[in-house]
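K.L.:
Got target-v7.txt for you, compact mmCIF, C-alpha atoms:
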# COMPACT_ATOMS: atom_id res chain seq x y z
CA MET A 11 4.56 -0.26 -33.24
CA VAL A 12 1.60 1.94 -32.33
CA LYS A 13 -0.04 -1.10 -30.74
CA GLU A 14 3.15 -1.87 -28.77
CA ILE A 15 3.18 1.65 -27.34
CA ASP A 16 -0.54 1.42 -26.53
CA THR A 17 -0.12 -1.90 -24.73
CA LYS A 18 2.86 -0.67 -22.71
CA GLN A 19 1.06 2.57 -21.82
CA ASN A 20 -2.06 0.65 -20.90
CA ILE A 21 -0.10 -1.60 -18.51
CA LEU A 22 1.57 1.47 -17.00
CA ASP A 23 -1.72 3.36 -16.51
CA THR A 24 -3.46 0.29 -15.09
CA ALA A 25 -0.63 -0.39 -12.64
CA ALA A 26 -0.43 3.28 -11.64
CA ALA A 27 -4.13 3.35 -10.74
CA LEU A 28 -4.03 -0.01 -8.90
CA PHE A 29 -0.86 0.76 -6.93
CA TYR A 30 -2.24 4.20 -6.02
CA MET A 31 -5.70 3.15 -4.86
CA GLN A 32 -4.56 -0.13 -3.22
CA SER A 33 -0.86 -0.62 -2.61
CA TYR A 34 2.24 -1.83 -4.42
CA THR A 35 2.44 -5.15 -2.58
CA ALA A 36 -1.31 -5.81 -2.72
CA VAL A 37 -1.39 -5.75 -6.53
CA GLY A 38 0.34 -8.56 -8.41
CA VAL A 39 1.43 -8.83 -12.03
CA ALA A 40 -1.47 -11.22 -12.75
CA THR A 41 -4.03 -8.61 -11.62
CA ILE A 42 -2.34 -5.85 -13.61
CA CYS A 43 -2.32 -8.01 -16.76
CA LYS A 44 -5.96 -9.01 -16.26
CA ASP A 45 -7.13 -5.43 -15.73
CA ALA A 46 -5.00 -4.13 -18.61
CA GLY A 47 -6.17 -6.93 -20.92
CA ALA A 48 -2.54 -7.88 -21.56
CA SER A 49 -0.82 -11.27 -21.47
CA LYS A 50 2.01 -12.05 -19.07
CA GLY A 51 4.25 -12.50 -22.10
CA SER A 52 3.39 -9.00 -23.20
CA PHE A 53 4.05 -7.66 -19.68
CA PHE A 54 7.52 -9.20 -19.54
CA HIS A 55 8.27 -7.98 -23.05
CA PHE A 56 7.97 -4.41 -21.73
CA PHE A 57 9.07 -4.78 -18.10
CA ASN A 58 11.75 -7.01 -16.60
CA SER A 59 9.95 -7.24 -13.27
CA LYS A 60 7.25 -5.69 -11.11
CA GLN A 61 9.98 -3.52 -9.58
CA ASP A 62 10.90 -2.31 -13.08
CA LEU A 63 7.24 -1.42 -13.66
CA ALA A 64 7.10 0.40 -10.28
CA ILE A 65 10.03 2.60 -11.32
CA ALA A 66 8.24 3.43 -14.60
CA VAL A 67 5.00 4.19 -12.71
CA LEU A 68 6.84 6.52 -10.31
CA ASP A 69 8.57 8.28 -13.23
CA GLN A 70 5.20 8.74 -14.94
CA PHE A 71 3.57 10.15 -11.75
CA SER A 72 6.55 12.48 -11.36
CA GLY A 73 6.24 13.75 -14.92
CA GLN A 74 2.45 14.15 -14.73
CA LEU A 75 2.47 15.96 -11.38
CA GLY A 76 5.43 18.09 -12.48
CA ALA A 77 3.49 19.22 -15.56
CA SER A 78 0.18 19.82 -13.76
CA LEU A 79 -0.15 20.32 -9.97
CA VAL A 80 3.46 21.39 -9.38
CA ALA A 81 3.72 23.59 -12.51
CA ASP A 82 0.48 25.38 -11.65
CA SER A 83 1.32 25.99 -7.99
CA ILE A 84 4.73 25.73 -6.28
CA ALA A 85 6.66 26.01 -9.56
CA SER A 86 4.49 28.83 -10.96
CA SER A 87 5.31 32.52 -11.22
CA LEU A 88 2.78 33.52 -8.54
CA PRO A 89 4.05 35.46 -5.50
CA PRO A 90 5.86 32.88 -3.31
CA LEU A 91 3.36 32.43 -0.48
CA GLU A 92 0.47 32.30 -2.97
CA ARG A 93 2.23 29.36 -4.64
CA LEU A 94 1.87 27.46 -1.37
CA ASP A 95 -1.79 28.42 -0.94
CA ARG A 96 -2.51 27.36 -4.50
CA PHE A 97 -0.73 24.04 -4.01
CA ILE A 98 -2.78 23.27 -0.89
CA SER A 99 -5.99 24.29 -2.62
CA MET A 100 -5.29 22.11 -5.70
CA LEU A 101 -4.22 19.20 -3.50
CA TYR A 102 -7.42 19.49 -1.49
CA GLU A 103 -9.60 19.56 -4.61
CA ALA A 104 -7.81 16.56 -6.13
CA GLN A 105 -8.05 14.43 -2.98
CA LYS A 106 -11.67 15.46 -2.37
CA THR A 107 -12.52 14.35 -5.91
CA TYR A 108 -10.97 10.93 -5.26
CA VAL A 109 -13.10 10.55 -2.11
CA GLU A 110 -16.24 11.56 -4.03
CA GLU A 111 -15.49 9.18 -6.91
CA THR A 112 -14.04 6.15 -5.10
CA GLY A 113 -14.98 6.57 -1.43
CA HIS A 114 -11.29 6.64 -0.48
CA LEU A 115 -8.59 9.27 -0.08
CA PRO A 116 -5.40 7.90 -1.67
CA GLY A 117 -2.87 10.54 -0.52
CA CYS A 118 0.55 11.06 -2.12
CA PRO A 119 1.67 8.50 -4.73
CA PHE A 120 5.31 8.96 -3.65
CA GLY A 121 4.66 9.02 0.10
CA ASN A 122 2.55 5.87 -0.19
CA VAL A 123 5.27 3.82 -1.87
CA ALA A 124 7.96 5.33 0.38
CA VAL A 125 6.15 4.17 3.50
CA GLU A 126 5.42 0.76 2.05
CA GLN A 127 8.73 -0.03 0.35
CA ALA A 128 11.55 2.06 1.84
CA THR A 129 12.66 -0.62 4.32
CA GLN A 130 12.25 -3.40 1.76
CA ASP A 131 13.43 -2.26 -1.68
CA GLU A 132 16.42 0.04 -1.98
CA VAL A 133 15.96 0.59 -5.74
CA ILE A 134 12.40 1.82 -5.23
CA ARG A 135 13.43 3.89 -2.18
CA LYS A 136 16.10 5.69 -4.22
CA LYS A 137 13.60 6.40 -7.01
CA ILE A 138 11.15 7.90 -4.49
CA GLU A 139 13.94 10.07 -3.09
CA GLU A 140 14.43 11.38 -6.64
CA CYS A 141 10.66 11.95 -7.10
CA LEU A 142 10.44 13.81 -3.76
CA ALA A 143 13.39 15.97 -4.83
CA GLY A 144 11.13 17.12 -7.67
CA LEU A 145 8.85 18.61 -5.01
CA ALA A 146 11.62 19.86 -2.70
CA GLN A 147 13.33 21.94 -5.42
CA PRO A 148 10.35 24.21 -6.25
CA LEU A 149 9.70 24.53 -2.49
CA ARG A 150 13.29 25.79 -2.07
CA ASN A 151 12.58 28.40 -4.73
CA VAL A 152 9.40 29.40 -2.87
CA VAL A 153 11.38 29.86 0.36
CA SER A 154 14.24 31.76 -1.36
CA ASP A 155 11.82 34.05 -3.16
CA ALA A 156 9.79 34.62 0.02
CA ILE A 157 12.97 35.64 1.90
CA LYS A 158 13.94 38.02 -0.96
CA ASN A 159 10.43 39.56 -0.92
CA GLY A 160 10.50 39.99 2.84
CA ASP A 161 7.57 37.54 3.20
CA MET A 162 9.65 35.22 5.38
CA PRO A 163 12.54 35.81 7.79
CA VAL A 164 15.99 34.52 6.80
CA VAL A 165 15.84 30.75 7.35
CA ASP A 166 17.70 27.58 6.36
CA VAL A 167 16.23 27.34 2.85
CA GLU A 168 16.90 23.64 2.24
CA ALA A 169 15.69 22.52 5.68
CA THR A 170 12.60 24.75 5.54
CA ALA A 171 11.68 23.35 2.11
CA ASP A 172 12.13 19.82 3.51
CA ALA A 173 9.97 20.73 6.51
CA MET A 174 7.25 22.05 4.17
CA LEU A 175 7.48 18.85 2.11
CA SER A 176 7.18 16.80 5.32
CA TYR A 177 4.10 18.78 6.28
CA ILE A 178 2.55 18.21 2.85
CA GLU A 179 3.13 14.47 3.27
CA GLY A 180 1.89 14.52 6.86
CA ILE A 181 -1.43 16.25 6.21
CA GLN A 182 -2.10 13.80 3.37
CA LEU A 183 -1.28 10.90 5.68
CA LEU A 184 -3.67 12.15 8.38
CA ALA A 185 -6.35 12.89 5.77
CA LYS A 186 -5.92 9.34 4.43
CA ALA A 187 -6.04 7.81 7.94
CA ARG A 188 -9.29 9.71 8.64
CA ASN A 189 -10.52 9.43 5.03
CA ASP A 190 -11.34 13.13 5.19
CA ALA A 191 -10.08 15.69 2.66
CA GLU A 192 -11.15 18.55 4.94
CA ILE A 193 -7.95 17.90 6.94
CA ILE A 194 -5.95 19.17 3.94
CA ARG A 195 -8.12 22.29 3.55
CA LYS A 196 -8.05 23.15 7.23
CA LEU A 197 -4.44 22.29 8.17
CA GLY A 198 -2.76 23.04 4.84
CA PRO A 199 -2.40 26.84 5.06
CA ALA A 200 -0.16 26.49 8.18
CA ILE A 201 2.59 25.35 5.80
CA LYS A 202 3.45 29.05 5.51
CA SER A 203 4.34 29.26 9.20
CA ILE A 204 6.96 26.49 9.03
CA ALA A 205 10.50 27.79 9.29
CA ILE A 206 13.82 26.20 10.25
CA PRO A 207 16.31 28.81 11.47
CA VAL A 208 19.87 28.83 10.14
CA GLU A 209 22.04 26.74 12.49
CA ASN A 210 24.84 28.67 14.23
CA MET B 29 -2.54 -21.69 30.40
CA VAL B 30 0.82 -19.99 30.81
CA LYS B 31 1.95 -21.66 27.60
CA GLU B 32 -1.18 -20.44 25.77
CA ILE B 33 -0.45 -16.85 26.80
CA ASP B 34 3.20 -17.24 25.79
CA THR B 35 2.28 -18.59 22.36
CA LYS B 36 -0.27 -15.83 21.73
CA GLN B 37 2.17 -13.15 22.91
CA ASN B 38 4.92 -14.65 20.79
CA ILE B 39 2.73 -14.53 17.67
CA LEU B 40 1.79 -10.93 18.48
CA ASP B 41 5.39 -9.79 19.02
CA THR B 42 6.62 -11.61 15.92
CA ALA B 43 3.87 -10.08 13.75
CA ALA B 44 4.44 -6.62 15.23
CA ALA B 45 8.13 -6.70 14.33
CA LEU B 46 7.54 -8.13 10.84
CA PHE B 47 4.70 -5.73 9.97
CA TYR B 48 6.75 -2.80 11.28
CA MET B 49 10.03 -3.54 9.50
CA GLN B 50 8.41 -4.81 6.27
CA SER B 51 4.71 -4.12 5.72
CA TYR B 52 1.34 -5.60 6.60
CA THR B 53 0.64 -6.96 3.12
CA ALA B 54 4.18 -8.26 2.58
CA VAL B 55 4.02 -10.57 5.61
CA GLY B 56 1.68 -13.57 5.47
CA VAL B 57 0.31 -15.79 8.23
CA ALA B 58 2.66 -18.61 7.13
CA THR B 59 5.73 -16.40 7.67
CA ILE B 60 4.46 -15.19 11.05
CA CYS B 61 3.82 -18.77 12.19
CA LYS B 62 7.22 -19.94 10.97
CA ASP B 63 9.10 -17.08 12.67
CA ALA B 64 7.06 -17.46 15.87
CA GLY B 65 7.52 -21.25 15.88
CA ALA B 66 3.74 -21.67 16.06
CA SER B 67 1.43 -23.89 14.03
CA LYS B 68 -1.35 -22.49 11.84
CA GLY B 69 -3.83 -24.26 14.09
CA SER B 70 -2.41 -22.41 17.05
CA PHE B 71 -2.55 -19.11 15.14
CA PHE B 72 -6.24 -19.53 14.30
CA HIS B 73 -6.97 -20.61 17.86
CA PHE B 74 -5.93 -17.11 19.00
CA PHE B 75 -6.81 -14.96 15.98
CA ASN B 76 -9.76 -15.26 13.61
CA SER B 77 -7.82 -13.72 10.73
CA LYS B 78 -4.75 -11.72 9.80
CA GLN B 79 -6.91 -8.60 10.14
CA ASP B 80 -7.82 -9.64 13.69
CA LEU B 81 -4.09 -10.01 14.44
CA ALA B 82 -3.39 -6.58 12.90
CA ILE B 83 -5.90 -4.97 15.26
CA ALA B 84 -4.22 -6.69 18.24
CA VAL B 85 -0.78 -5.56 16.99
CA LEU B 86 -1.99 -1.95 16.67
CA ASP B 87 -3.53 -2.06 20.17
CA GLN B 88 -0.27 -3.41 21.56
CA PHE B 89 1.81 -0.67 19.82
CA SER B 90 -0.63 1.91 21.15
CA GLY B 91 -0.33 0.61 24.71
CA GLN B 92 3.46 0.34 24.54
CA LEU B 93 4.00 3.79 23.04
CA GLY B 94 1.44 5.30 25.41
CA ALA B 95 3.35 3.91 28.39
CA SER B 96 6.83 4.86 27.14
CA LEU B 97 7.48 7.51 24.44
CA VAL B 98 4.18 9.37 24.88
CA ALA B 99 4.14 9.18 28.71
CA ASP B 100 7.71 10.47 28.92
CA SER B 101 7.25 13.35 26.48
CA ILE B 102 3.97 14.84 25.18
CA ALA B 103 1.91 13.40 28.05
CA SER B 104 4.47 14.28 30.75
CA SER B 105 4.35 17.12 33.31
CA LEU B 106 7.20 19.05 31.64
CA PRO B 107 6.51 22.63 30.53
CA PRO B 108 4.40 22.35 27.33
CA LEU B 109 6.96 23.27 24.68
CA GLU B 110 9.60 21.10 26.37
CA ARG B 111 7.21 18.16 25.98
CA LEU B 112 7.41 18.64 22.21
CA ASP B 113 11.21 18.94 22.23
CA ARG B 114 11.48 15.81 24.33
CA PHE B 115 9.14 13.91 22.00
CA ILE B 116 11.22 14.85 18.95
CA SER B 117 14.44 13.97 20.73
CA MET B 118 13.14 10.55 21.84
CA LEU B 119 11.68 9.86 18.40
CA TYR B 120 15.02 10.71 16.78
CA GLU B 121 16.96 8.43 19.12
CA ALA B 122 14.54 5.54 18.58
CA GLN B 123 14.58 5.80 14.78
CA LYS B 124 18.36 6.29 14.70
CA THR B 125 18.75 3.10 16.76
CA TYR B 126 16.63 1.17 14.23
CA VAL B 127 18.86 2.43 11.40
CA GLU B 128 22.00 1.42 13.30
CA GLU B 129 20.63 -2.02 14.16
CA THR B 130 18.75 -2.97 10.97
CA GLY B 131 19.99 -0.56 8.29
CA HIS B 132 16.45 0.78 7.83
CA LEU B 133 14.32 3.55 9.31
CA PRO B 134 10.82 2.14 9.92
CA GLY B 135 8.93 5.35 10.83
CA CYS B 136 5.57 5.40 12.61
CA PRO B 137 3.83 2.03 13.19
CA PHE B 138 0.41 3.74 12.84
CA GLY B 139 1.31 5.98 9.89
CA ASN B 140 2.77 2.99 8.04
CA VAL B 141 -0.38 0.89 8.27
CA ALA B 142 -2.60 3.94 7.61
CA VAL B 143 -0.84 4.64 4.33
CA GLU B 144 -0.86 0.98 3.31
CA GLN B 145 -4.36 -0.03 4.38
CA ALA B 146 -6.65 3.03 4.69
CA THR B 147 -8.08 2.70 1.17
CA GLN B 148 -8.39 -1.08 1.45
CA ASP B 149 -9.53 -2.10 4.92
CA GLU B 150 -12.06 0.04 6.78
CA VAL B 151 -11.73 -1.95 10.05
CA ILE B 152 -7.98 -1.36 10.15
CA ARG B 153 -8.40 2.30 9.11
CA LYS B 154 -10.80 2.93 12.00
CA LYS B 155 -8.42 1.27 14.47
CA ILE B 156 -5.57 3.51 13.23
CA GLU B 157 -7.79 6.56 13.66
CA GLU B 158 -8.25 5.47 17.28
CA CYS B 159 -4.49 4.92 17.74
CA LEU B 160 -3.71 8.35 16.25
CA ALA B 161 -6.26 9.90 18.62
CA GLY B 162 -4.02 8.60 21.41
CA LEU B 163 -1.34 10.95 20.08
CA ALA B 164 -3.66 13.86 19.22
CA GLN B 165 -5.12 14.09 22.75
CA PRO B 166 -1.83 14.76 24.61
CA LEU B 167 -0.88 17.19 21.81
CA ARG B 168 -4.13 19.09 22.49
CA ASN B 169 -3.13 19.32 26.14
CA VAL B 170 0.29 20.63 25.10
CA VAL B 171 -1.34 23.35 22.97
CA SER B 172 -3.91 24.29 25.67
CA ASP B 173 -1.20 24.47 28.34
CA ALA B 174 1.10 26.49 26.05
CA ILE B 175 -1.69 29.01 25.44
CA LYS B 176 -2.39 29.25 29.20
CA ASN B 177 1.34 29.79 29.90
CA GLY B 178 1.58 32.45 27.20
CA ASP B 179 4.04 30.26 25.23
CA MET B 180 1.70 30.22 22.21
CA PRO B 181 -0.86 32.69 20.87
CA VAL B 182 -4.55 31.73 21.09
CA VAL B 183 -5.09 29.16 18.31
CA ASP B 184 -7.57 26.48 17.25
CA VAL B 185 -6.42 23.86 19.78
CA GLU B 186 -7.80 20.79 18.02
CA ALA B 187 -6.60 21.81 14.54
CA THR B 188 -3.17 22.85 15.82
CA ALA B 189 -2.74 19.50 17.60
CA ASP B 190 -3.75 17.74 14.35
CA ALA B 191 -1.27 19.88 12.41
CA MET B 192 1.49 18.93 14.88
CA LEU B 193 0.52 15.27 14.55
CA SER B 194 0.65 15.61 10.74
CA TYR B 195 4.11 17.14 11.00
CA ILE B 196 5.29 14.29 13.25
CA GLU B 197 4.03 11.80 10.65
CA GLY B 198 5.50 13.81 7.77
CA ILE B 199 9.03 14.11 9.14
CA GLN B 200 9.05 10.37 9.82
CA LEU B 201 7.84 9.73 6.26
CA LEU B 202 10.61 11.90 4.76
CA ALA B 203 13.19 10.34 7.09
CA LYS B 204 12.01 6.88 5.98
CA ALA B 205 12.07 7.85 2.28
CA ARG B 206 15.67 9.11 2.68
CA ASN B 207 16.58 6.45 5.26
CA ASP B 208 18.09 9.22 7.36
CA ALA B 209 17.17 9.86 11.00
CA GLU B 210 18.92 13.27 10.91
CA ILE B 211 15.79 14.60 9.14
CA ILE B 212 13.87 14.10 12.42
CA ARG B 213 16.55 15.83 14.51
CA LYS B 214 16.89 18.76 12.13
CA LEU B 215 13.25 19.38 11.13
CA GLY B 216 11.53 18.22 14.31
CA PRO B 217 11.90 21.33 16.50
CA ALA B 218 9.85 23.41 13.98
CA ILE B 219 6.78 21.58 15.33
CA LYS B 220 6.62 24.38 17.91
CA SER B 221 6.03 27.00 15.19
CA ILE B 222 2.93 25.26 13.78
CA ALA B 223 -0.29 27.11 14.62
CA ILE B 224 -3.77 27.08 13.10
CA PRO B 225 -5.64 30.30 13.90
CA VAL B 226 -9.21 30.18 15.20
CA GLU B 227 -11.60 30.44 12.22
CA ASN B 228 -13.82 33.49 12.21
Kindly return the structure encoded in the file as structure tokens.
P.N.:
Amino acid sequence: MVKEIDTKQNILDTAAALFYMQSYTAVGVATICKDAGASKGSFFHFFNSKQDLAIAVLDQFSGQLGASLVADSIASSLPPLERLDRFISMLYEAQKTYVEETGHLPGCPFGNVAVEQATQDEVIRKKIEECLAGLAQPLRNVVSDAIKNGDMPVVDVEATADAMLSYIEGIQLLAKARNDAEIIRKLGPAIKSIAIPVEN
Amino acid sequence: MVKEIDTKQNILDTAAALFYMQSYTAVGVATICKDAGASKGSFFHFFNSKQDLAIAVLDQFSGQLGASLVADSIASSLPPLERLDRFISMLYEAQKTYVEETGHLPGCPFGNVAVEQATQDEVIRKKIEECLAGLAQPLRNVVSDAIKNGDMPVVDVEATADAMLSYIEGIQLLAKARNDAEIIRKLGPAIKSIAIPVEN
């Protein structure tokens, strides 16, 4: 039983790293099995399909980021605008470390799969929507709290949180396109200036 | 000779549409040839590799967008902030039309390939950087002109243009993840509030 859990977790971790540093389509089940030291039989004992594995990988990323980056920044008890600064700072450090260790800036694990799969796989697209909601919700709290504190004018909370999430995705995309983490450090703080007024 | 040009252009247009609505990795040379009604021999007469074709596809997108969307909005002679509004409005209409016609929102042809290929193919990543520069330059002019007109405070022109470009990519990414063009219409206008101050 312990071995079963280890094998499943090993396949998950291997796939997560391969999908993240390459892409979902570029990495096949054969490669995942080879790198994880697992047989195909073992793979299909744990996962019905590569899509099934992708959903598990996205859930795992969501849980890990929720318990680390998100918990320590946008979902923390810091003053609201400091939560945003801390998020940008942690994101920058994490992406910079990837560049130092691998030569490449991988960007957002949800944004990556969204861009690659949203027009092709509706099950994966819906899962990403759910994962992104896990970032949008703490951002809504940031915006609400900032309005209460007088740190932001009264705005459309949901739309402003979505705009901030878009900006977070966008600076990672540009940083990935230029393979330069400095983009995140330099552009990131402007997230605090993004505001969508309440529609009349 | 005319037929040669037609065949090459047909392969290019077919690949552009397939890469854009699916992904670069998902679409192989065999599929492109089949859909274009061209032989593999003909394909490799015009293109050395799939990567070579990808570069040609990106150049074509860049030329087409430069002569249409970009020319009519951010590179137009409208007042600077109106250029941004017009860009967002045209982008929204274009992406909404894709959703109506295909059921899917494809997003940015450069952002898509950047996210998918930047960690894997340095030649393609560098080409995307060049294509994105074709968007960043007119945005710099928008920011410079807006500062001159007094429509924006004095900011870091290059960084602010990059931040606007990031936001354009980010709202398309979120719209693609949610398969909802309304995201672009609703969040887009906040591009005008993005400003990166000059560093001391």
K.L.:
Using all atoms listed in the file, find the residues of chain B whose closest atom to chain A is at most 7 Å away, then write them as a PyMOL selection string.
P.N.:
chain B and resi 49-51+53-54+132-134+139-140+142-144+146-148+153+156-157+187+191+194-195+197-199+201-202+204-206+215+218+221-224
K.L.:
Output C-alpha atoms for every residue in that selection, as a short mmCIF file (atom, residue, chain, number, x, y, z; two decimals), keeping the file's coordinate frame.
P.N.:
data_model
loop_
_atom_site.label_atom_id
_atom_site.label_comp_id
_atom_site.auth_asym_id
_atom_site.auth_seq_id
_atom_site.Cartn_x
_atom_site.Cartn_y
_atom_site.Cartn_z
CA MET B 49 10.03 -3.54 9.50
CA GLN B 50 8.41 -4.81 6.27
CA SER B 51 4.71 -4.12 5.72
CA THR B 53 0.64 -6.96 3.12
CA ALA B 54 4.18 -8.26 2.58
CA HIS B 132 16.45 0.78 7.83
CA LEU B 133 14.32 3.55 9.31
CA PRO B 134 10.82 2.14 9.92
CA GLY B 139 1.31 5.98 9.89
CA ASN B 140 2.77 2.99 8.04
CA ALA B 142 -2.60 3.94 7.61
CA VAL B 143 -0.84 4.64 4.33
CA GLU B 144 -0.86 0.98 3.31
CA ALA B 146 -6.65 3.03 4.69
CA THR B 147 -8.08 2.70 1.17
CA GLN B 148 -8.39 -1.08 1.45
CA ARG B 153 -8.40 2.30 9.11
CA ILE B 156 -5.57 3.51 13.23
CA GLU B 157 -7.79 6.56 13.66
CA ALA B 187 -6.60 21.81 14.54
CA ALA B 191 -1.27 19.88 12.41
CA SER B 194 0.65 15.61 10.74
CA TYR B 195 4.11 17.14 11.00
CA GLU B 197 4.03 11.80 10.65
CA GLY B 198 5.50 13.81 7.77
CA ILE B 199 9.03 14.11 9.14
CA LEU B 201 7.84 9.73 6.26
CA LEU B 202 10.61 11.90 4.76
CA LYS B 204 12.01 6.88 5.98
CA ALA B 205 12.07 7.85 2.28
CA ARG B 206 15.67 9.11 2.68
CA LEU B 215 13.25 19.38 11.13
CA ALA B 218 9.85 23.41 13.98
CA SER B 221 6.03 27.00 15.19
CA ILE B 222 2.93 25.26 13.78
CA ALA B 223 -0.29 27.11 14.62
CA ILE B 224 -3.77 27.08 13.10
#
K.L.:
To one decimal place, how far is CA of Lys60 in chain A from CA of Ala26 in chain A in Å?
P.N.:
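Straight-line distance from CA of Lys60 in chain A to CA of Ala26 in chain A works out to 11.8 Å.
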K.L.:
Rounded to one decimal in Å, what is the spacing between CA of Ala146 in chain A and CA of Leu94 in chain A?
P.N.:
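Interatomic distance here is 12.4 Å.
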K.L.:
Kindly give the distance, in Å, that separates CA of Ala209 in chain B and CA of Asn169 in chain B, rounded to a single decimal.
P.N.:
27.0 Å
K.L.:
Can you pull out every residue within 12 Å of Glu14 in chain A, counting only C-alpha atoms, but drop anything in the same chain fewer than 3 positions away, and send it as JSON, numbers by chain?
P.N.:
{"A": [11, 17, 18, 19, 20, 21, 48, 52, 53, 55, 56]}
K.L.:
Using all atoms listed in the file, which of A:Asp45, A:Asp23, A:Asp82, A:Glu92 sits nearest Asp161 in chain A?
P.N.:
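Closest to Asp161 in chain A of all the choices is A:Glu92.
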K.L.:
Counting only C-alpha atoms, what is within 9 Å of Pro166 in chain B, bar same-chain residues fewer than 2 positions away, as a VMD selection string?
P.N.:
chain B and resid 98 102 to 104 161 to 164 168 to 171 189
K.L.:
Between B:Ala64, B:Ala174, B:Ala43, B:Ala58, which has the minimum distance to Ala82 in chain B (counting all atoms listed in the file)?
P.N.:
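Comparing B:Ala64, B:Ala174, B:Ala43, B:Ala58 against Ala82 in chain B, the winner is B:Ala43.
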